[in-house]
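**Q** What follows is start_24.cif; its format and atoms are mmCIF, C-alpha atoms.
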data_final
#
loop_
_atom_site.label_atom_id
_atom_site.label_comp_id
_atom_site.auth_asym_id
_atom_site.auth_seq_id
_atom_site.Cartn_x
_atom_site.Cartn_y
_atom_site.Cartn_z
CA MET A 195 0.00 0.00 0.00
CA GLU A 196 1.20 3.48 -0.80
CA ARG A 197 2.57 5.20 2.32
CA ARG A 198 3.81 8.51 0.89
CA LEU A 199 1.32 11.26 1.75
CA TYR A 200 1.75 13.05 -1.59
CA PHE A 201 0.67 9.95 -3.49
CA ILE A 202 -2.12 9.05 -1.06
CA ILE A 203 -3.61 12.52 -1.58
CA GLY A 204 -3.11 12.10 -5.32
CA ASP A 205 -4.83 8.71 -5.30
CA ILE A 206 -7.81 10.12 -3.38
CA LEU A 207 -8.13 13.11 -5.73
CA ASN A 208 -7.74 10.92 -8.80
CA CYS A 209 -10.37 8.36 -7.80
CA ALA A 210 -12.83 10.96 -6.49
CA LEU A 211 -12.55 13.03 -9.68
CA ALA A 212 -12.70 9.97 -11.94
CA ALA A 213 -15.86 8.68 -10.27
CA GLY A 214 -17.42 12.15 -10.30
CA ALA A 215 -16.60 12.55 -13.98
CA GLY A 216 -17.96 9.06 -14.69
CA GLY A 217 -21.23 9.95 -12.96
CA TRP A 218 -21.39 13.30 -14.73
CA LEU A 219 -20.86 11.82 -18.18
CA THR A 220 -23.45 9.13 -17.45
CA TRP A 221 -25.92 11.85 -16.47
CA LEU A 222 -25.38 13.38 -19.92
CA VAL A 223 -25.95 10.09 -21.73
CA VAL A 224 -28.66 8.34 -19.71
CA THR A 225 -32.13 9.78 -19.18
CA ASP A 226 -34.77 8.84 -16.64
CA GLY A 227 -36.73 6.85 -19.22
CA TRP A 228 -33.99 4.21 -19.49
CA PRO A 229 -34.43 0.73 -17.97
CA ILE A 230 -32.02 0.19 -15.07
CA LEU A 231 -29.77 -2.49 -16.58
CA PRO A 232 -28.97 -0.68 -19.86
CA ALA A 233 -28.45 2.50 -17.82
CA ILE A 234 -25.91 0.71 -15.61
CA ALA A 235 -24.18 -0.82 -18.66
CA ALA A 236 -23.98 2.57 -20.38
CA GLY A 237 -22.72 4.09 -17.12
CA MET A 238 -19.94 1.50 -16.93
CA VAL A 239 -18.75 2.22 -20.47
CA VAL A 240 -18.90 6.02 -20.43
CA GLY A 241 -17.72 6.07 -16.81
CA MET A 242 -14.63 4.07 -17.68
CA MET A 243 -13.84 6.43 -20.56
CA ALA A 244 -14.29 9.46 -18.31
CA GLY A 245 -12.15 7.81 -15.63
CA MET A 246 -9.35 7.11 -18.09
CA LEU A 247 -9.36 10.75 -19.21
CA VAL A 248 -9.15 11.92 -15.61
CA GLY A 249 -6.37 9.39 -14.99
CA LEU A 250 -4.49 10.66 -18.03
CA PHE A 251 -4.77 14.20 -16.69
CA CYS A 252 -3.58 13.19 -13.19
CA SER A 253 -0.85 10.89 -14.52
CA PRO A 254 1.98 13.45 -14.88
CA PHE A 255 1.54 14.37 -11.22
CA PHE A 256 0.96 11.05 -9.50
CA GLY A 257 2.03 8.05 -11.63
CA ILE A 258 0.96 6.05 -14.65
CA MET A 259 -0.51 2.62 -13.99
CA GLU A 260 -1.08 3.47 -10.32
CA VAL A 261 -3.32 6.31 -11.49
CA ILE A 262 -4.95 5.23 -14.76
CA LEU A 263 -6.13 1.77 -13.65
CA PRO A 264 -7.83 2.93 -10.42
CA ALA A 265 -9.26 5.92 -12.32
CA ALA A 266 -10.78 3.70 -15.00
CA LEU A 267 -12.36 1.48 -12.34
CA ALA A 268 -13.51 4.43 -10.24
CA GLY A 269 -15.03 5.96 -13.38
CA GLN A 270 -16.94 2.74 -13.99
CA MET A 271 -18.25 2.75 -10.43
CA GLY A 272 -19.24 6.40 -10.78
CA GLY A 273 -21.00 5.54 -14.01
CA ILE A 274 -22.91 2.70 -12.35
CA VAL A 275 -24.03 5.01 -9.55
CA GLY A 276 -24.97 7.65 -12.11
CA GLY A 277 -26.95 5.15 -14.17
CA LEU A 278 -28.83 3.93 -11.09
CA ILE A 279 -29.71 7.43 -9.93
CA VAL A 280 -30.75 8.82 -13.31
CA ALA A 281 -32.68 5.79 -14.53
CA GLY A 282 -34.00 5.00 -11.05
CA TYR A 283 -35.63 8.30 -10.19
CA GLY A 284 -34.27 11.00 -12.49
CA GLY A 285 -31.75 12.42 -10.02
CA GLY A 286 -30.02 15.69 -10.91
CA LEU A 287 -26.42 16.39 -11.89
CA ASN A 288 -25.26 17.51 -8.43
CA GLU A 289 -26.75 14.45 -6.79
CA VAL A 290 -25.13 12.14 -9.33
CA PHE A 291 -21.74 13.84 -8.98
CA LEU A 292 -21.79 13.83 -5.17
CA SER A 293 -23.03 10.23 -4.97
CA ALA A 294 -20.40 9.01 -7.41
CA ILE A 295 -17.48 10.40 -5.38
CA PRO A 296 -17.90 7.93 -2.45
CA ALA A 297 -18.02 5.13 -5.03
CA GLY A 298 -14.64 6.34 -6.26
CA LEU A 299 -13.22 6.36 -2.75
CA LEU A 300 -14.52 2.83 -2.14
CA THR A 301 -12.80 1.81 -5.36
CA LEU A 302 -9.53 3.21 -4.05
CA ILE A 303 -9.92 1.21 -0.82
CA PHE A 304 -10.53 -1.89 -2.96
CA VAL A 305 -7.36 -1.16 -4.97
CA TYR A 306 -5.33 -0.60 -1.80
CA LEU A 307 -6.57 -3.92 -0.38
CA LEU A 308 -5.64 -5.69 -3.61
CA GLN A 309 -2.28 -3.97 -3.55
CA ALA A 310 -1.63 -5.24 -0.02
CA ARG A 311 -2.47 -8.73 -1.26
CA PHE A 312 -0.33 -8.70 -4.41
CA ARG A 313 2.66 -6.54 -3.53
CA GLY A 314 5.99 -8.26 -3.03
CA GLU A 315 7.55 -11.35 -4.47
CA ALA A 316 5.20 -13.05 -6.93
CA LYS A 317 4.46 -16.71 -6.32
CA MET B 242 4.96 -2.53 -36.78
CA THR B 243 8.21 -2.01 -38.73
CA ASP B 244 11.40 -0.65 -37.17
CA SER B 245 10.98 2.67 -38.96
CA GLU B 246 7.41 2.97 -37.69
CA THR B 247 8.62 2.18 -34.16
CA ARG B 248 11.35 4.80 -34.48
CA GLU B 249 8.87 7.39 -35.74
CA LYS B 250 6.43 6.58 -32.93
CA TRP B 251 9.07 7.13 -30.24
CA ASP B 252 10.51 10.17 -31.99
CA ASN B 253 7.01 11.66 -31.79
CA ALA B 254 6.58 10.53 -28.20
CA SER B 255 9.85 12.22 -27.19
CA ARG B 256 8.11 15.64 -27.34
CA LEU B 257 5.82 14.90 -24.40
CA PHE B 258 7.81 12.13 -22.74
CA ASP B 259 9.31 14.15 -19.90
CA LEU B 260 6.05 16.02 -19.32
CA MET B 261 4.05 12.79 -18.95
CA GLY B 262 6.65 10.71 -17.17
CA GLY B 263 9.25 13.01 -15.71
CA PHE B 264 7.67 13.97 -12.41
CA GLY B 265 4.88 11.86 -10.91
CA PRO B 266 5.68 8.48 -12.41
CA GLU B 267 9.42 8.81 -11.80
CA LYS B 268 8.88 10.03 -8.23
CA ARG B 269 6.56 7.10 -7.61
CA TRP B 270 8.91 4.48 -9.08
CA ARG B 271 12.23 5.93 -7.99
CA PRO B 272 12.76 3.85 -4.78
CA TYR B 273 12.07 0.62 -6.66
CA LYS B 274 14.29 1.54 -9.58
CA GLU B 275 17.12 2.56 -7.28
CA ARG B 276 16.84 -0.79 -5.51
CA LEU B 277 16.95 -2.68 -8.83
CA PHE B 278 19.81 -0.63 -10.28
CA SER B 279 21.84 -0.90 -7.06
CA ALA B 280 22.86 -4.40 -8.23
CA MET B 281 24.78 -2.95 -11.21
CA ASN B 282 28.07 -4.72 -11.67
CA GLY B 283 30.59 -5.09 -14.50
CA LYS B 284 29.92 -4.00 -18.05
CA ILE B 285 26.31 -2.98 -18.38
CA LEU B 286 23.89 -2.60 -21.28
CA PHE B 287 20.89 -0.38 -20.60
CA MET B 288 18.06 -0.88 -23.07
CA ALA B 289 15.87 1.97 -24.31
CA VAL B 290 17.47 4.94 -22.60
CA GLY B 291 14.59 7.20 -23.68
CA THR B 292 15.12 10.76 -22.48
CA GLY B 293 17.39 9.44 -19.74
CA LEU B 294 14.94 9.72 -16.83
CA ASP B 295 16.35 6.56 -15.26
CA ILE B 296 19.94 7.77 -15.23
CA SER B 297 19.58 9.67 -11.96
CA CYS B 298 18.63 6.35 -10.34
CA PHE B 299 21.89 4.66 -11.42
CA PRO B 300 24.55 4.15 -8.78
CA PRO B 301 27.71 6.13 -9.65
CA GLY B 302 30.94 4.79 -11.09
CA HIS B 303 29.73 2.15 -13.54
CA ASP B 304 30.52 1.40 -17.19
CA ILE B 305 27.16 1.67 -18.95
CA THR B 306 26.29 1.44 -22.63
CA GLY B 307 22.81 2.65 -23.48
CA ILE B 308 20.83 2.12 -26.65
CA ASP B 309 17.55 3.49 -27.96
CA ILE B 310 15.78 3.19 -31.30
CA SER B 311 14.82 6.88 -31.29
CA PRO B 312 17.44 9.51 -32.16
CA LYS B 313 15.20 12.25 -30.76
CA MET B 314 14.94 10.49 -27.42
CA LEU B 315 18.72 10.24 -27.23
CA GLU B 316 19.09 13.93 -28.15
CA LYS B 317 17.04 14.75 -25.08
CA ALA B 318 18.96 12.23 -22.99
CA ALA B 319 22.36 13.68 -23.90
CA PRO B 320 22.68 16.12 -20.93
CA ARG B 321 21.63 13.40 -18.47
CA ILE B 322 24.11 10.95 -20.01
CA ALA B 323 26.87 13.57 -19.79
CA ALA B 324 26.02 14.24 -16.14
CA TYR B 325 26.25 10.58 -15.08
CA PRO B 326 29.11 10.24 -12.59
CA GLY B 327 30.68 7.23 -14.27
CA ARG B 328 31.28 6.10 -17.84
CA MET B 329 28.15 6.15 -19.95
CA THR B 330 27.69 6.19 -23.70
CA ALA B 331 24.53 5.85 -25.78
CA ARG B 332 23.90 4.80 -29.36
CA VAL B 333 20.91 4.74 -31.65
CA MET B 334 20.27 1.03 -32.09
CA ASP B 335 17.38 -1.39 -32.41
CA VAL B 336 17.29 -4.24 -29.90
CA HIS B 337 16.46 -6.65 -32.73
CA ASP B 338 19.58 -5.67 -34.63
CA MET B 339 22.34 -4.97 -32.10
CA ASP B 340 25.89 -4.92 -33.48
CA PHE B 341 27.60 -5.78 -30.20
CA PRO B 342 29.70 -8.96 -30.17
CA ASP B 343 28.40 -12.07 -28.41
CA ALA B 344 28.74 -12.13 -24.62
CA ALA B 345 29.79 -8.48 -24.50
CA PHE B 346 27.96 -7.53 -21.28
CA ASP B 347 27.86 -8.76 -17.70
CA GLN B 348 24.37 -7.41 -17.06
CA VAL B 349 21.48 -5.98 -19.06
CA TYR B 350 18.95 -3.59 -17.52
CA THR B 351 15.59 -2.52 -18.91
CA SER B 352 13.09 0.05 -17.69
CA CYS B 353 9.64 0.02 -19.29
CA THR B 354 11.21 -1.36 -22.45
CA PHE B 355 9.57 -4.65 -23.31
CA CYS B 356 6.12 -3.10 -23.40
CA SER B 357 7.34 -1.40 -26.57
CA VAL B 358 9.70 -3.75 -28.40
CA PRO B 359 7.70 -4.99 -31.43
CA ASP B 360 8.94 -8.60 -31.14
CA PRO B 361 9.57 -9.06 -27.41
CA ILE B 362 10.77 -12.65 -27.53
CA GLY B 363 13.07 -11.88 -30.47
CA GLY B 364 14.40 -8.85 -28.60
CA LEU B 365 15.01 -10.87 -25.45
CA LYS B 366 16.84 -13.53 -27.49
CA ALA B 367 19.03 -10.76 -28.92
CA ILE B 368 19.81 -9.68 -25.35
CA ARG B 369 20.69 -13.26 -24.46
CA ARG B 370 23.24 -13.24 -27.27
CA VAL B 371 25.07 -10.14 -26.02
CA LEU B 372 24.91 -11.23 -22.38
CA LYS B 373 27.68 -13.37 -20.92
CA PRO B 374 26.62 -16.91 -19.95
CA GLY B 375 25.04 -16.65 -16.52
CA GLY B 376 24.80 -12.86 -16.85
CA GLY B 377 21.93 -11.02 -15.22
CA LEU B 378 18.88 -9.53 -16.92
CA LYS B 379 17.15 -7.07 -14.59
CA MET B 380 13.92 -5.49 -15.69
CA PHE B 381 11.55 -2.84 -14.40
CA GLU B 382 8.42 -3.34 -16.49
CA HIS B 383 4.68 -2.94 -16.61
CA THR B 384 2.73 -5.90 -17.91
CA GLY B 385 -0.80 -7.15 -18.32
CA SER B 386 -2.74 -8.27 -15.27
CA ARG B 387 -4.41 -11.47 -14.21
CA ILE B 388 -6.73 -9.59 -11.85
CA PHE B 389 -10.26 -8.89 -13.00
CA PRO B 390 -11.27 -6.14 -13.83
CA PHE B 391 -7.78 -4.74 -14.49
CA ASN B 392 -7.06 -7.33 -17.19
CA LEU B 393 -10.24 -6.20 -18.97
CA ILE B 394 -9.34 -2.51 -18.66
CA LEU B 395 -5.79 -3.11 -19.94
CA ASN B 396 -7.05 -5.18 -22.88
CA LEU B 397 -9.50 -2.41 -23.77
CA MET B 398 -6.79 0.25 -23.49
CA ASN B 399 -4.23 -1.65 -25.54
CA PRO B 400 -5.41 -0.91 -29.11
CA LEU B 401 -5.21 2.81 -28.40
CA CYS B 402 -2.02 2.74 -26.33
CA ARG B 403 -0.01 0.68 -28.82
CA ASN B 404 -0.44 3.36 -31.49
CA VAL B 405 1.01 6.18 -29.43
CA GLY B 406 3.30 4.35 -27.01
CA PRO B 407 3.58 1.04 -25.19
CA GLU B 408 1.48 -2.10 -25.23
CA VAL B 409 -0.16 -2.56 -21.84
CA ASN B 410 -1.21 -6.19 -21.77
CA ARG B 411 1.98 -8.18 -22.37
CA ASP B 412 3.06 -11.15 -20.27
CA THR B 413 6.72 -10.16 -20.03
CA PRO B 414 7.78 -12.85 -17.49
CA ALA B 415 6.46 -15.48 -19.92
CA ASN B 416 8.36 -13.80 -22.76
CA VAL B 417 11.55 -13.84 -20.66
CA ARG B 418 11.14 -17.57 -20.09
CA ALA B 419 10.32 -18.17 -23.77
CA ALA B 420 13.57 -16.42 -24.73
CA GLY B 421 15.52 -18.98 -22.72
CA PHE B 422 16.26 -17.07 -19.51
CA THR B 423 15.84 -18.51 -16.05
CA ILE B 424 13.75 -16.23 -13.86
CA GLY B 425 15.08 -15.89 -10.33
CA LYS B 426 12.58 -13.48 -8.88
CA VAL B 427 9.54 -11.45 -9.90
CA THR B 428 8.54 -8.69 -7.48
CA ASN B 429 5.20 -6.94 -7.80
CA ILE B 430 5.32 -3.19 -7.20
CA PHE B 431 1.79 -2.16 -8.17
CA LEU B 432 -0.75 -5.00 -8.16
CA ASP B 433 0.59 -7.56 -10.64
CA VAL B 434 1.05 -4.84 -13.28
CA VAL B 435 4.24 -2.96 -12.39
CA LYS B 436 7.02 -5.34 -11.44
CA THR B 437 10.70 -6.09 -11.39
CA ILE B 438 11.98 -9.25 -13.06
CA GLU B 439 15.39 -10.69 -12.24
CA ALA B 440 16.58 -13.37 -14.61
CA ALA B 441 19.80 -14.99 -15.73
CA ALA B 442 21.10 -16.14 -19.10
CA PRO B 443 21.81 -19.84 -19.36
CA ILE B 444 25.37 -20.83 -18.43
CA THR B 445 25.89 -22.98 -21.50
#
Would you mind writing the structure in this file as structure tokens?

**A**
Amino acid sequence: MERRLYFIIGDILNCALAAGAGGWLTWLVVTDGWPILPAIAAGMVVGMMAGMLVGLFCSPFFGIMEVILPAALAGQMGGIVGGLIVAGYGGGLNEVFLSAIPAGLLTLIFVYLLQARFRGEAK
Amino acid sequence: MTDSETREKWDNASRLFDLMGGFGPEKRWRPYKERLFSAMNGKILFMAVGTGLDISCFPPGHDITGIDISPKMLEKAAPRIAAYPGRMTARVMDVHDMDFPDAAFDQVYTSCTFCSVPDPIGGLKAIRRVLKPGGGLKMFEHTGSRIFPFNLILNLMNPLCRNVGPEVNRDTPANVRAAGFTIGKVTNIFLDVVKTIEAAAPIT
């Protein structure tokens, strides 16, 4: 797990922004008439693209793979949340954005747990 | 992808290379690179010098020959090569077509190289030729992942990435084995994606 404060802050910013952007882009694509499952699927796709773009932007400051992979996943999670909110009950942009951010932070915790599991000598 | 296309791709990439990789990624990877490079010993070949970002991680006082396929990358690397406190030279050369004699080097180091070499197994076999029997191959590389969903993300990213820079879904440890090296140790740095690989050329 990353222990340097600069990179921990960067990871948090990166995943929060990626998930927020994923939710935001999903809000643009999905409308409240959509069935839930296609809305979630669309959210995953556009969320991942948004997350990758955010990761690319954060990459020069905080790392490459350590930034782009969590950002892509956080974007997907943000997109799923966005799809659920918009298709579920027509939630607004602010609600989607603010609800997606915790999903991004949960994604980062997931990545940190995986990192603790995989880091070190490979079997 | 032909050699000239590869050269052109990395010549183009040299414009933004330091901007994209010079600060955050290098700062993040520096402790791991320094640890890997601290084992430098004897006559060393460093593959794909790029703009020379790795040079500040080299321990001082070694005899290092660097190569890179891109002349523009090496132009940018020139001040860093000149500043190395040891003996370092660099030449424009393709890993598939190296003109060094057999068994010319004690160790070969790579840093994010075999994500980009068009024929990785062929390139690793070429390294085996210029490495002394039993000589060390030490690599800092990013590879594909076996972890879902990261393997999916990397496979989706790869068609775009390979056109502007590296491939992101290669199984480099498998390529190292396929080229006839014996792997001593693989150490994961970030998930199973960023890793160091320590291998040795066969003794006979």

**Q** Dump as CSV the rows for residues of segment 226-315 of chain A within 10 Å of segment 213-222 of chain A: closest atom pair and distance in Å with one decimal, all atoms listed in the file counted, ordered by chain and rising residue number.

**A**
residue,atom,partner,partner_atom,distance
A:Asp226,CA,A:Trp221,CA,9.3
A:Ala233,CA,A:Thr220,CA,8.3
A:Ile234,CA,A:Thr220,CA,9.0
A:Ala236,CA,A:Thr220,CA,7.2
A:Gly237,CA,A:Thr220,CA,5.1
A:Met238,CA,A:Gly216,CA,8.1
A:Val239,CA,A:Thr220,CA,8.9
A:Val240,CA,A:Thr220,CA,6.3
A:Gly241,CA,A:Gly216,CA,3.7
A:Met242,CA,A:Gly216,CA,6.7
A:Met243,CA,A:Gly216,CA,7.6
A:Ala244,CA,A:Gly216,CA,5.2
A:Gly245,CA,A:Gly216,CA,6.0
A:Met246,CA,A:Gly216,CA,9.5
A:Leu247,CA,A:Ala215,CA,9.1
A:Val248,CA,A:Ala215,CA,7.7
A:Pro264,CA,A:Ala213,CA,9.9
A:Ala265,CA,A:Ala213,CA,7.4
A:Ala266,CA,A:Ala213,CA,8.5
A:Leu267,CA,A:Ala213,CA,8.3
A:Ala268,CA,A:Ala213,CA,4.9
A:Gly269,CA,A:Ala213,CA,4.2
A:Gln270,CA,A:Gly216,CA,6.4
A:Met271,CA,A:Ala213,CA,6.4
A:Gly272,CA,A:Ala213,CA,4.1
A:Gly273,CA,A:Gly217,CA,4.5
A:Ile274,CA,A:Gly217,CA,7.5
A:Val275,CA,A:Gly217,CA,6.6
A:Gly276,CA,A:Gly217,CA,4.5
A:Gly277,CA,A:Thr220,CA,6.2
A:Leu278,CA,A:Thr220,CA,9.8
A:Ile279,CA,A:Trp221,CA,8.8
A:Val280,CA,A:Trp221,CA,6.5
A:Ala281,CA,A:Trp221,CA,9.3
A:Gly284,CA,A:Trp221,CA,9.3
A:Gly285,CA,A:Trp221,CA,8.7
A:Gly286,CA,A:Trp221,CA,7.9
A:Leu287,CA,A:Trp221,CA,6.5
A:Asn288,CA,A:Trp218,CA,8.5
A:Glu289,CA,A:Gly217,CA,9.4
A:Val290,CA,A:Gly217,CA,5.8
A:Phe291,CA,A:Gly214,CA,4.8
A:Leu292,CA,A:Gly214,CA,6.9
A:Ser293,CA,A:Gly214,CA,8.0
A:Ala294,CA,A:Gly214,CA,5.2
A:Ile295,CA,A:Gly214,CA,5.2
A:Pro296,CA,A:Ala213,CA,8.1
A:Ala297,CA,A:Ala213,CA,6.7
A:Gly298,CA,A:Ala213,CA,4.8
A:Leu299,CA,A:Ala213,CA,8.3
A:Thr301,CA,A:Ala213,CA,9.0

**Q** Using all atoms listed in the file and a cut-off of 12 Å, which residues of chain B sit close to chain A? Please list them as a VMD selection string.

**A** chain B and resid 257 to 273 353 382 to 398 401 to 402 407 409 to 410 414 424 to 439

**Q** Would you compute the distance between atom CA of Thr423 of chain B and atom CA of Lys379 of chain B? Give it in Å to one decimal.

**A**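 Those two atoms sit 11.6 Å apart.
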
**Q** Applied to this file, what does the PyMOL selection byres ((chain B and resi 354) around 9) return in terms of residues, put as a short mmCIF file (atom, residue, chain, number, x, y, z; two decimals) with C-alpha atoms, keeping the file's coordinate frame?

**A**
data_model
loop_
_atom_site.label_atom_id
_atom_site.label_comp_id
_atom_site.auth_asym_id
_atom_site.auth_seq_id
_atom_site.Cartn_x
_atom_site.Cartn_y
_atom_site.Cartn_z
CA MET B 288 18.06 -0.88 -23.07
CA ALA B 289 15.87 1.97 -24.31
CA VAL B 290 17.47 4.94 -22.60
CA THR B 351 15.59 -2.52 -18.91
CA SER B 352 13.09 0.05 -17.69
CA CYS B 353 9.64 0.02 -19.29
CA PHE B 355 9.57 -4.65 -23.31
CA CYS B 356 6.12 -3.10 -23.40
CA SER B 357 7.34 -1.40 -26.57
CA VAL B 358 9.70 -3.75 -28.40
CA MET B 380 13.92 -5.49 -15.69
CA PHE B 381 11.55 -2.84 -14.40
CA GLU B 382 8.42 -3.34 -16.49
CA HIS B 383 4.68 -2.94 -16.61
CA PRO B 407 3.58 1.04 -25.19
#

**Q** Go through B:Gly375, B:Pro342, B:Gly307, B:Gly302 one by one, measure the shortest atom-to-atom distance of each to Leu286 of chain B using all atoms listed in the file, and give the residue with the smallest value.

**A**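 Distance minimum relative to Leu286 of chain B lands on B:Gly307.
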
**Q** With the file shown as input, list the residues that the PyMOL selection byres ((chain B and resi 405) around 9) selects, as an NGL selection string.

**A** :B and (250-251 or 253-254 or 401-404 or 406-407)

**Q** Atom CA of Gly364 of chain B and atom CA of Thr243 of chain B are how many Å apart?

**A**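 We find that atom CA of Gly364 of chain B and atom CA of Thr243 of chain B lie 13.7 Å from each other.
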
**Q** So what do you get for atom CA of Leu315 of chain B versus atom CA of Ile296 of chain B, distance-wise?

**A** 12.3 Å

**Q** Do you know which residues the PyMOL selection byres ((chain B and resi 300) around 7) returns on this file, as a PyMOL selection string?

**A** chain B and resi 278-279+298-299+301-302

**Q** Under the rule that all atoms listed in the file are counted, which of B:Met314, B:Ile285, B:Ile444, B:Ala331 is the nearest residue to Tyr350 of chain B?

**A**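 Of all the options, B:Ile285 lies closest to Tyr350 of chain B.
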
**Q** Which residue gives the smallest distance to Thr225 of chain A among A:Tyr283, A:Ile303, A:Leu199, A:Cys209, with only C-alpha atoms counted?

**A**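 Closest residue, counting only C-alpha atoms: A:Tyr283.
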